[in-house]
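K.L.:
input_18.cif (mmCIF, C-alpha atoms) pasted underneath:
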```
data_data
loop_
_atom_site.label_atom_id
_atom_site.label_comp_id
_atom_site.auth_asym_id
_atom_site.auth_seq_id
_atom_site.Cartn_x
_atom_site.Cartn_y
_atom_site.Cartn_z
CA GLU A 30 48.06 -77.09 6.39
CA ASP A 31 45.88 -74.00 6.05
CA GLN A 32 44.90 -73.21 2.48
CA VAL A 33 43.11 -70.29 0.87
CA THR A 34 42.15 -70.39 -2.81
CA GLN A 35 40.66 -67.43 -4.62
CA SER A 36 38.86 -67.43 -7.95
CA PRO A 37 38.86 -66.16 -10.55
CA GLU A 38 42.46 -64.94 -10.75
CA ALA A 39 41.33 -61.97 -12.83
CA LEU A 40 37.94 -60.48 -13.64
CA ARG A 41 37.00 -57.77 -16.10
CA LEU A 42 33.61 -56.13 -15.68
CA GLN A 43 31.75 -53.38 -17.42
CA GLU A 44 30.72 -50.53 -15.13
CA GLY A 45 27.41 -51.51 -13.53
CA GLU A 46 27.88 -55.24 -14.20
CA SER A 47 27.52 -57.04 -10.84
CA SER A 48 29.58 -60.15 -10.02
CA SER A 49 31.04 -62.23 -7.20
CA LEU A 50 34.54 -63.20 -6.11
CA ASN A 51 35.12 -66.54 -4.39
CA CYS A 52 37.41 -67.51 -1.54
CA SER A 53 37.48 -71.16 -0.51
CA TYR A 54 39.45 -72.14 2.57
CA THR A 55 40.69 -75.10 4.56
CA VAL A 56 41.66 -74.27 8.11
CA SER A 57 41.24 -75.98 11.44
CA GLY A 58 39.67 -73.69 14.00
CA LEU A 59 38.73 -70.61 11.96
CA ARG A 60 38.83 -67.43 14.02
CA GLY A 61 38.04 -64.94 11.34
CA LEU A 62 38.00 -64.57 7.56
CA PHE A 63 39.20 -61.23 6.25
CA TRP A 64 38.75 -59.34 3.00
CA TYR A 65 41.26 -56.70 1.97
CA ARG A 66 41.53 -54.45 -1.07
CA GLN A 67 44.99 -53.74 -2.49
CA ASP A 68 45.86 -51.10 -5.07
CA PRO A 69 49.06 -51.55 -7.13
CA GLY A 70 52.21 -50.93 -5.10
CA LYS A 71 50.29 -50.22 -1.89
CA GLY A 72 49.47 -52.07 1.30
CA PRO A 73 46.22 -54.00 1.74
CA GLU A 74 43.25 -51.95 2.96
CA PHE A 75 40.94 -53.68 5.43
CA LEU A 76 37.35 -54.24 4.24
CA PHE A 77 35.56 -56.89 6.33
CA THR A 78 35.93 -59.55 9.00
CA LEU A 79 33.52 -62.50 9.12
CA TYR A 80 33.52 -64.89 12.07
CA SER A 81 30.82 -67.50 11.57
CA ALA A 82 28.87 -69.24 8.82
CA GLY A 83 25.83 -67.27 7.76
CA GLU A 84 27.34 -63.92 8.65
CA GLU A 85 27.10 -61.08 6.11
CA LYS A 86 28.63 -57.60 6.05
CA GLU A 87 28.13 -54.71 3.65
CA LYS A 88 30.02 -51.57 2.74
CA GLU A 89 28.88 -49.39 -0.15
CA ARG A 90 28.80 -51.63 -3.25
CA LEU A 91 30.48 -54.57 -1.50
CA LYS A 92 28.87 -57.40 0.44
CA ALA A 93 30.77 -60.28 2.01
CA THR A 94 29.22 -63.60 3.02
CA LEU A 95 30.61 -66.68 4.76
CA THR A 96 29.82 -70.40 4.73
CA LYS A 97 31.71 -73.25 6.41
CA LYS A 98 33.93 -73.72 3.36
CA GLU A 99 33.97 -70.47 1.42
CA SER A 100 33.33 -66.76 1.35
CA PHE A 101 31.97 -64.57 -1.41
CA LEU A 102 32.58 -60.91 -2.07
CA HIS A 103 29.65 -59.60 -4.07
CA ILE A 104 30.15 -56.38 -6.02
CA THR A 105 26.95 -54.62 -7.01
CA ALA A 106 27.00 -52.11 -9.89
CA PRO A 107 30.78 -51.64 -9.76
CA LYS A 108 32.51 -48.41 -10.75
CA PRO A 109 35.99 -47.98 -12.27
CA GLU A 110 37.31 -46.93 -8.85
CA ASP A 111 36.53 -50.43 -7.57
CA SER A 112 39.36 -51.74 -9.77
CA ALA A 113 41.95 -53.36 -7.47
CA THR A 114 43.16 -56.72 -6.23
CA TYR A 115 40.89 -58.24 -3.60
CA LEU A 116 42.62 -60.47 -1.07
CA CYS A 117 41.04 -63.02 1.24
CA ALA A 118 42.80 -64.22 4.40
CA VAL A 119 42.02 -66.57 7.29
CA ARG A 120 43.12 -66.52 10.92
CA LYS A 121 42.97 -69.66 13.01
CA SER A 122 42.17 -69.99 16.66
CA SER A 123 45.83 -70.03 17.72
CA GLY A 124 47.73 -66.82 17.04
CA ASP A 125 47.27 -63.80 14.81
CA LYS A 126 48.95 -65.09 11.66
CA LEU A 127 46.94 -64.38 8.51
CA THR A 128 47.10 -66.89 5.64
CA PHE A 129 46.29 -65.14 2.37
CA GLY A 130 45.07 -66.30 -1.00
CA THR A 131 46.72 -65.01 -4.15
CA GLY A 132 43.92 -62.52 -4.78
CA THR A 133 41.48 -61.64 -7.56
CA ARG A 134 42.49 -58.78 -9.87
CA LEU A 135 39.36 -56.82 -10.71
CA ALA A 136 39.22 -54.35 -13.60
CA VAL A 137 36.05 -52.30 -14.12
CA ARG A 138 35.75 -50.58 -17.49
CA PRO A 139 33.76 -47.34 -17.83
CA GLU B 10 44.75 -41.27 14.63
CA THR B 11 47.82 -41.99 12.51
CA GLY B 12 48.01 -45.16 10.46
CA VAL B 13 50.88 -47.59 10.01
CA THR B 14 53.93 -46.01 8.40
CA GLN B 15 56.95 -47.71 6.84
CA SER B 16 60.33 -46.56 5.63
CA PRO B 17 61.95 -46.45 3.23
CA THR B 18 59.44 -46.61 0.37
CA HIS B 19 61.86 -48.24 -2.05
CA LEU B 20 65.26 -49.85 -1.63
CA ILE B 21 67.77 -51.42 -4.00
CA LYS B 22 70.43 -53.77 -2.66
CA THR B 23 72.85 -56.28 -4.11
CA ARG B 24 73.05 -59.96 -3.33
CA GLY B 25 74.81 -60.70 -0.03
CA GLN B 26 74.10 -57.31 1.52
CA GLN B 27 72.04 -56.66 4.63
CA VAL B 28 68.93 -54.49 4.91
CA THR B 29 66.85 -52.93 7.71
CA LEU B 30 63.23 -51.94 7.17
CA ARG B 31 61.27 -49.85 9.66
CA CYS B 32 57.65 -49.68 10.77
CA SER B 33 55.68 -47.42 13.10
CA SER B 34 52.48 -48.99 14.32
CA GLN B 35 49.10 -47.33 14.33
CA SER B 36 48.34 -45.27 17.43
CA GLY B 37 47.15 -47.54 20.25
CA HIS B 38 48.44 -50.75 18.61
CA ASN B 39 51.09 -52.78 20.42
CA THR B 40 51.35 -55.84 18.17
CA VAL B 41 53.27 -55.75 14.88
CA SER B 42 53.48 -58.39 12.16
CA TRP B 43 55.67 -58.50 9.07
CA TYR B 44 54.69 -60.03 5.73
CA GLN B 45 56.53 -60.60 2.46
CA GLN B 46 54.56 -60.21 -0.77
CA ALA B 47 56.16 -61.40 -3.99
CA LEU B 48 54.81 -60.07 -7.27
CA GLY B 49 51.43 -61.58 -8.10
CA GLN B 50 51.19 -63.41 -4.78
CA GLY B 51 49.39 -62.90 -1.50
CA PRO B 52 51.34 -61.71 1.56
CA GLN B 53 53.28 -64.42 3.44
CA PHE B 54 53.63 -64.17 7.23
CA ILE B 55 57.22 -63.67 8.41
CA PHE B 56 56.80 -63.08 12.17
CA GLN B 57 54.96 -61.11 14.82
CA TYR B 58 56.19 -59.03 17.75
CA TYR B 59 54.34 -58.33 20.98
CA ARG B 60 55.86 -56.70 24.06
CA GLU B 61 59.25 -56.61 22.31
CA GLU B 62 59.33 -60.40 21.92
CA GLU B 63 58.86 -62.55 18.82
CA ASN B 64 55.40 -64.09 19.15
CA GLY B 65 55.01 -66.42 16.17
CA ARG B 66 57.05 -67.08 13.04
CA GLY B 67 56.32 -68.30 9.53
CA ASN B 68 58.51 -70.42 7.23
CA PHE B 69 61.37 -67.96 6.88
CA PRO B 70 65.05 -68.68 7.59
CA PRO B 71 66.91 -67.18 10.57
CA ARG B 72 68.53 -64.54 8.36
CA PHE B 73 65.14 -62.80 8.67
CA SER B 74 65.09 -61.22 12.13
CA GLY B 75 63.29 -58.41 13.85
CA LEU B 76 63.01 -56.08 16.78
CA GLN B 77 60.23 -54.26 18.53
CA PHE B 78 60.91 -51.14 20.59
CA PRO B 79 59.17 -49.83 23.74
CA ASN B 80 57.14 -47.40 21.60
CA TYR B 81 55.88 -50.47 19.62
CA SER B 82 57.72 -49.52 16.44
CA SER B 83 59.54 -52.38 14.75
CA GLU B 84 62.41 -53.28 12.45
CA LEU B 85 62.83 -56.14 10.00
CA ASN B 86 66.41 -57.14 9.27
CA VAL B 87 67.41 -59.41 6.42
CA ASN B 88 71.00 -60.66 6.17
CA ALA B 89 72.79 -62.20 3.20
CA LEU B 90 70.22 -60.98 0.70
CA GLU B 91 69.21 -63.31 -2.12
CA LEU B 92 67.57 -62.46 -5.44
CA ASP B 93 64.34 -64.14 -4.26
CA ASP B 94 64.12 -61.67 -1.37
CA SER B 95 62.94 -59.05 -3.88
CA ALA B 96 59.38 -58.29 -2.78
CA LEU B 97 57.04 -55.82 -1.10
CA TYR B 98 57.54 -56.01 2.67
CA LEU B 99 54.43 -55.16 4.63
CA CYS B 100 54.04 -54.26 8.26
CA ALA B 101 50.69 -54.65 10.01
CA SER B 102 49.64 -53.60 13.48
CA LYS B 103 46.76 -54.47 15.79
CA ASP B 104 45.75 -53.93 19.39
CA THR B 105 45.67 -56.69 22.00
CA SER B 106 42.00 -57.49 21.55
CA GLY B 107 41.94 -61.09 20.38
CA ASP B 108 39.64 -60.56 17.44
CA SER B 109 40.83 -57.15 16.27
CA GLU B 110 41.87 -56.59 12.68
CA GLN B 111 45.38 -56.04 11.38
CA PHE B 112 45.95 -52.77 9.57
CA PHE B 113 48.69 -52.64 6.98
CA GLY B 114 51.22 -50.00 6.10
CA PRO B 115 52.08 -48.96 2.53
CA GLY B 116 55.02 -51.36 2.34
CA THR B 117 58.67 -51.16 1.38
CA ARG B 118 59.58 -52.34 -2.13
CA LEU B 119 62.94 -54.16 -1.91
CA THR B 120 64.83 -55.01 -5.09
CA VAL B 121 67.86 -57.29 -4.84
CA LEU B 122 70.23 -57.22 -7.83
#
```
Reformat the file's structure so that it appears as structure tokens.

P.N.:
Amino acid sequence: EDQVTQSPEALRLQEGESSSLNCSYTVSGLRGLFWYRQDPGKGPEFLFTLYSAGEEKEKERLKATLTKKESFLHITAPKPEDSATYLCAVRKSSGDKLTFGTGTRLAVRP
Amino acid sequence: ETGVTQSPTHLIKTRGQQVTLRCSSQSGHNTVSWYQQALGQGPQFIFQYYREEENGRGNFPPRFSGLQFPNYSSELNVNALELDDSALYLCASKDTSGDSEQFFGPGTRLTVL
């Protein structure tokens, strides 16, 4: 069965304090690993898709990387507006179903 | 380009009742998926619709059903509501390109009393 595990569950950072979020996965036939950002009471907002080990993508202060077993979301010099829950999801080769982890709640203090 | 929209925003029902949630897909998207997100959890896949047919289903009982219309909008129907059905219901749409991303709507918060 496909599994996605995110760590830590919650993370508190001081503004400017860089860190990384982890997403480890077990899936047969990975056809994409996705990162989403979700603000309280809202729908997930798409950030990145990674398809193969070694791939990296960047957007502003965020950088996502992928290995054969896990993905990292690196946050460089975060700001309070980066506070949100970050969700990781995988899609396998058959179908469009996304299997999500439980997310990492990030709080950035000014 | 309009994004995914959902209605209503919030809904309160009592146990045993039935509910219909609605979703309009993003412009140019013909595939719609529904997810249930309980508090503190990640979204769980309910089912997907493509060309007005169910095209994949997660571990949800038959009292969860859906429809897709010719304009690609979709409905999620839940019969015989249970307390555990209280959750944020999310709709996501994508185009037919195999590797395209799913874009989510704002969700409908359902509370079952």

K.L.:
Which residue out of A:Val137, A:Val56, A:Ala106, A:Ser81 has the minimum interatomic distance to Thr94 in chain A when all atoms listed in the file are used?

P.N.:
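Under the stated criterion, the closest residue is A:Ser81.
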
K.L.:
Return as an NGL selection string the residues belonging to chain B that are within 8 Å of chain A, counting all atoms listed in the file.

P.N.:
:B and (49-54 or 57 or 65 or 97 or 99 or 108 or 110-116)

K.L.:
Filtering to C-alpha atoms, could you give me those residues as an mmCIF file, in the frame of the given file?

P.N.:
```cif
data_model
loop_
_atom_site.group_PDB
_atom_site.id
_atom_site.type_symbol
_atom_site.label_atom_id
_atom_site.label_comp_id
_atom_site.auth_asym_id
_atom_site.auth_seq_id
_atom_site.Cartn_x
_atom_site.Cartn_y
_atom_site.Cartn_z
ATOM 1 C CA GLY B 49 51.430 -61.580 -8.100
ATOM 2 C CA GLN B 50 51.190 -63.410 -4.780
ATOM 3 C CA GLY B 51 49.390 -62.900 -1.500
ATOM 4 C CA PRO B 52 51.340 -61.710 1.560
ATOM 5 C CA GLN B 53 53.280 -64.420 3.440
ATOM 6 C CA PHE B 54 53.630 -64.170 7.230
ATOM 7 C CA GLN B 57 54.960 -61.110 14.820
ATOM 8 C CA GLY B 65 55.010 -66.420 16.170
ATOM 9 C CA LEU B 97 57.040 -55.820 -1.100
ATOM 10 C CA LEU B 99 54.430 -55.160 4.630
ATOM 11 C CA ASP B 108 39.640 -60.560 17.440
ATOM 12 C CA GLU B 110 41.870 -56.590 12.680
ATOM 13 C CA GLN B 111 45.380 -56.040 11.380
ATOM 14 C CA PHE B 112 45.950 -52.770 9.570
ATOM 15 C CA PHE B 113 48.690 -52.640 6.980
ATOM 16 C CA GLY B 114 51.220 -50.000 6.100
ATOM 17 C CA PRO B 115 52.080 -48.960 2.530
ATOM 18 C CA GLY B 116 55.020 -51.360 2.340
#
```

K.L.:
Give me the residues near Tyr98 in chain B as a PyMOL selection string, where near means some atom within 8 Å (using only C-alpha atoms) and where sequence neighbours in that chain fewer than 4 positions away do not count.

P.N.:
chain B and resi 43-46+116-119

K.L.:
I'd like to know which of B:Gln77, B:Asn64, B:Thr23, B:Ser83 is closest to Ser95 in chain B, using all atoms listed in the file.

P.N.:
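Smallest distance to Ser95 in chain B is found for B:Thr23.
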
K.L.:
Could you write out as a VMD selection string the residues that the PyMOL selection byres ((chain B and resi 28) around 7) matches in the shown file?

P.N.:
chain B and resid 26 to 27 29 to 30 86 to 88

K.L.:
Using the chain letters and numbers from the file, give me the residues hit by the PyMOL selection byres ((chain B and resi 35) around 9), as a PyMOL selection string.

P.N.:
chain B and resi 10-14+33-34+36-39+101-104+112+114

K.L.:
Go ahead and compute the interatomic distance for CA of Thr96 in chain A and CA of Gln32 in chain A, in Å to one decimal.

P.N.:
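Pair CA of Thr96 in chain A / CA of Gln32 in chain A returns 15.5 Å.
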
K.L.:
What does the distance between CA of Ser74 in chain B and CA of Ala89 in chain B come to in Å, to one decimal place?

P.N.:
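That distance, rounded to one decimal, is 11.8 Å.
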
K.L.:
So what do you get for CA of Glu89 in chain A versus CA of Gln15 in chain B, distance-wise?

P.N.:
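That distance, rounded to one decimal, is 29.0 Å.
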
K.L.:
Of the residues B:Ser106, B:Glu84, B:Gly67, B:Asp93, which is the one nearest to Thr120 in chain B, using only C-alpha atoms?

P.N.:
B:Asp93

K.L.:
How big is the axis-aligned box around all listed atoms of range 49-57 of chain B once 4 Å goes on each side, and where's its centre, in Å to one decimal, as AutoDock Vina command-line options?

P.N.:
```
--center_x 53.3 --center_y -62.8 --center_z 3.4 --size_x 15.8 --size_y 11.3 --size_z 30.9
```

K.L.:
Just checking: using only C-alpha atoms, which residue out of B:Ser42, B:Leu48, B:Val121, B:Leu20 ends up closest to Arg66 in chain B?

P.N.:
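Under the stated criterion, the closest residue is B:Ser42.
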
K.L.:
Leaving out Arg41 in chain A and any residue of its chain fewer than 3 positions from it, which residues lie within 10 Å of it when counting all atoms listed in the file, given as a PyMOL selection string?

P.N.:
chain A and resi 44+46+48+112+134-138

K.L.:
Return the single residue from B:Phe56, B:Arg24, B:Glu62, B:Phe69 that is closest to Tyr81 in chain B, with distances computed using all atoms listed in the file.

P.N.:
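Nearest to Tyr81 in chain B: B:Glu62.
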
K.L.:
Kindly indicate which residue among B:Arg60, B:Arg31, B:Thr105, B:Ala47 lies nearest to Gly75 in chain B, using all atoms listed in the file for the distances.

P.N.:
B:Arg31

K.L.:
With all heavy atoms as the goal, would you fill in the gaps in range 85-96 of chain B and present it as a PDB file, keeping the file's coordinate frame?

P.N.:
```
ATOM      1  N   LEU B  85      62.590 -54.847  10.630  1.00  0.00           N
ATOM      2  CA  LEU B  85      62.830 -56.140  10.000  1.00  0.00           C
ATOM      3  C   LEU B  85      64.225 -56.098   9.416  1.00  0.00           C
ATOM      4  O   LEU B  85      64.552 -55.184   8.660  1.00  0.00           O
ATOM      5  CB  LEU B  85      61.795 -56.393   8.891  1.00  0.00           C
ATOM      6  CG  LEU B  85      62.097 -57.526   7.911  1.00  0.00           C
ATOM      7  CD1 LEU B  85      62.105 -58.866   8.619  1.00  0.00           C
ATOM      8  CD2 LEU B  85      61.079 -57.532   6.768  1.00  0.00           C
ATOM      9  N   ASN B  86      65.052 -57.051   9.784  1.00  0.00           N
ATOM     10  CA  ASN B  86      66.410 -57.140   9.270  1.00  0.00           C
ATOM     11  C   ASN B  86      66.537 -58.404   8.412  1.00  0.00           C
ATOM     12  O   ASN B  86      66.073 -59.477   8.819  1.00  0.00           O
ATOM     13  CB  ASN B  86      67.419 -57.220  10.410  1.00  0.00           C
ATOM     14  CG  ASN B  86      67.382 -55.980  11.277  1.00  0.00           C
ATOM     15  OD1 ASN B  86      67.781 -54.902  10.866  1.00  0.00           O
ATOM     16  ND2 ASN B  86      66.863 -56.121  12.492  1.00  0.00           N
ATOM     17  N   VAL B  87      67.153 -58.252   7.270  1.00  0.00           N
ATOM     18  CA  VAL B  87      67.410 -59.410   6.420  1.00  0.00           C
ATOM     19  C   VAL B  87      68.896 -59.415   6.083  1.00  0.00           C
ATOM     20  O   VAL B  87      69.417 -58.448   5.534  1.00  0.00           O
ATOM     21  CB  VAL B  87      66.590 -59.387   5.120  1.00  0.00           C
ATOM     22  CG1 VAL B  87      66.768 -60.698   4.356  1.00  0.00           C
ATOM     23  CG2 VAL B  87      65.117 -59.127   5.404  1.00  0.00           C
ATOM     24  N   ASN B  88      69.562 -60.508   6.445  1.00  0.00           N
ATOM     25  CA  ASN B  88      71.000 -60.660   6.170  1.00  0.00           C
ATOM     26  C   ASN B  88      71.205 -61.497   4.910  1.00  0.00           C
ATOM     27  O   ASN B  88      70.308 -62.239   4.485  1.00  0.00           O
ATOM     28  CB  ASN B  88      71.683 -61.362   7.345  1.00  0.00           C
ATOM     29  CG  ASN B  88      71.694 -60.509   8.588  1.00  0.00           C
ATOM     30  OD1 ASN B  88      71.862 -59.305   8.518  1.00  0.00           O
ATOM     31  ND2 ASN B  88      71.485 -61.137   9.729  1.00  0.00           N
ATOM     32  N   ALA B  89      72.387 -61.377   4.344  1.00  0.00           N
ATOM     33  CA  ALA B  89      72.790 -62.200   3.200  1.00  0.00           C
ATOM     34  C   ALA B  89      71.695 -62.242   2.147  1.00  0.00           C
ATOM     35  O   ALA B  89      71.175 -63.313   1.799  1.00  0.00           O
ATOM     36  CB  ALA B  89      73.156 -63.607   3.682  1.00  0.00           C
ATOM     37  N   LEU B  90      71.339 -61.089   1.639  1.00  0.00           N
ATOM     38  CA  LEU B  90      70.220 -60.980   0.700  1.00  0.00           C
ATOM     39  C   LEU B  90      70.397 -61.882  -0.512  1.00  0.00           C
ATOM     40  O   LEU B  90      71.495 -62.029  -1.060  1.00  0.00           O
ATOM     41  CB  LEU B  90      70.071 -59.526   0.247  1.00  0.00           C
ATOM     42  CG  LEU B  90      69.426 -58.585   1.259  1.00  0.00           C
ATOM     43  CD1 LEU B  90      69.613 -57.131   0.840  1.00  0.00           C
ATOM     44  CD2 LEU B  90      67.947 -58.919   1.437  1.00  0.00           C
ATOM     45  N   GLU B  91      69.270 -62.476  -0.919  1.00  0.00           N
ATOM     46  CA  GLU B  91      69.210 -63.310  -2.120  1.00  0.00           C
ATOM     47  C   GLU B  91      68.267 -62.650  -3.121  1.00  0.00           C
ATOM     48  O   GLU B  91      67.417 -61.835  -2.745  1.00  0.00           O
ATOM     49  CB  GLU B  91      68.717 -64.710  -1.747  1.00  0.00           C
ATOM     50  CG  GLU B  91      69.602 -65.416  -0.740  1.00  0.00           C
ATOM     51  CD  GLU B  91      69.062 -66.773  -0.319  1.00  0.00           C
ATOM     52  OE1 GLU B  91      67.984 -67.168  -0.805  1.00  0.00           O
ATOM     53  OE2 GLU B  91      69.723 -67.430   0.523  1.00  0.00           O
ATOM     54  N   LEU B  92      68.421 -63.033  -4.394  1.00  0.00           N
ATOM     55  CA  LEU B  92      67.570 -62.460  -5.440  1.00  0.00           C
ATOM     56  C   LEU B  92      66.093 -62.653  -5.121  1.00  0.00           C
ATOM     57  O   LEU B  92      65.272 -61.758  -5.367  1.00  0.00           O
ATOM     58  CB  LEU B  92      67.910 -63.061  -6.797  1.00  0.00           C
ATOM     59  CG  LEU B  92      69.322 -62.826  -7.310  1.00  0.00           C
ATOM     60  CD1 LEU B  92      69.510 -63.493  -8.667  1.00  0.00           C
ATOM     61  CD2 LEU B  92      69.639 -61.338  -7.415  1.00  0.00           C
ATOM     62  N   ASP B  93      65.745 -63.820  -4.561  1.00  0.00           N
ATOM     63  CA  ASP B  93      64.340 -64.140  -4.260  1.00  0.00           C
ATOM     64  C   ASP B  93      63.765 -63.314  -3.114  1.00  0.00           C
ATOM     65  O   ASP B  93      62.568 -63.397  -2.835  1.00  0.00           O
ATOM     66  CB  ASP B  93      64.190 -65.617  -3.921  1.00  0.00           C
ATOM     67  CG  ASP B  93      64.268 -66.494  -5.156  1.00  0.00           C
ATOM     68  OD1 ASP B  93      64.204 -65.928  -6.270  1.00  0.00           O
ATOM     69  OD2 ASP B  93      64.384 -67.721  -5.015  1.00  0.00           O
ATOM     70  N   ASP B  94      64.622 -62.540  -2.439  1.00  0.00           N
ATOM     71  CA  ASP B  94      64.120 -61.670  -1.370  1.00  0.00           C
ATOM     72  C   ASP B  94      63.469 -60.411  -1.942  1.00  0.00           C
ATOM     73  O   ASP B  94      62.862 -59.636  -1.200  1.00  0.00           O
ATOM     74  CB  ASP B  94      65.251 -61.262  -0.419  1.00  0.00           C
ATOM     75  CG  ASP B  94      65.822 -62.442   0.337  1.00  0.00           C
ATOM     76  OD1 ASP B  94      65.094 -63.434   0.549  1.00  0.00           O
ATOM     77  OD2 ASP B  94      67.020 -62.380   0.702  1.00  0.00           O
ATOM     78  N   SER B  95      63.592 -60.192  -3.235  1.00  0.00           N
ATOM     79  CA  SER B  95      62.940 -59.050  -3.880  1.00  0.00           C
ATOM     80  C   SER B  95      61.428 -59.191  -3.714  1.00  0.00           C
ATOM     81  O   SER B  95      60.834 -60.192  -4.142  1.00  0.00           O
ATOM     82  CB  SER B  95      63.287 -58.993  -5.363  1.00  0.00           C
ATOM     83  OG  SER B  95      64.658 -58.757  -5.557  1.00  0.00           O
ATOM     84  N   ALA B  96      60.802 -58.203  -3.089  1.00  0.00           N
ATOM     85  CA  ALA B  96      59.380 -58.290  -2.780  1.00  0.00           C
ATOM     86  C   ALA B  96      58.922 -56.992  -2.151  1.00  0.00           C
ATOM     87  O   ALA B  96      59.723 -56.090  -1.883  1.00  0.00           O
ATOM     88  CB  ALA B  96      59.104 -59.445  -1.806  1.00  0.00           C
TER      89      ALA B  96
END
```
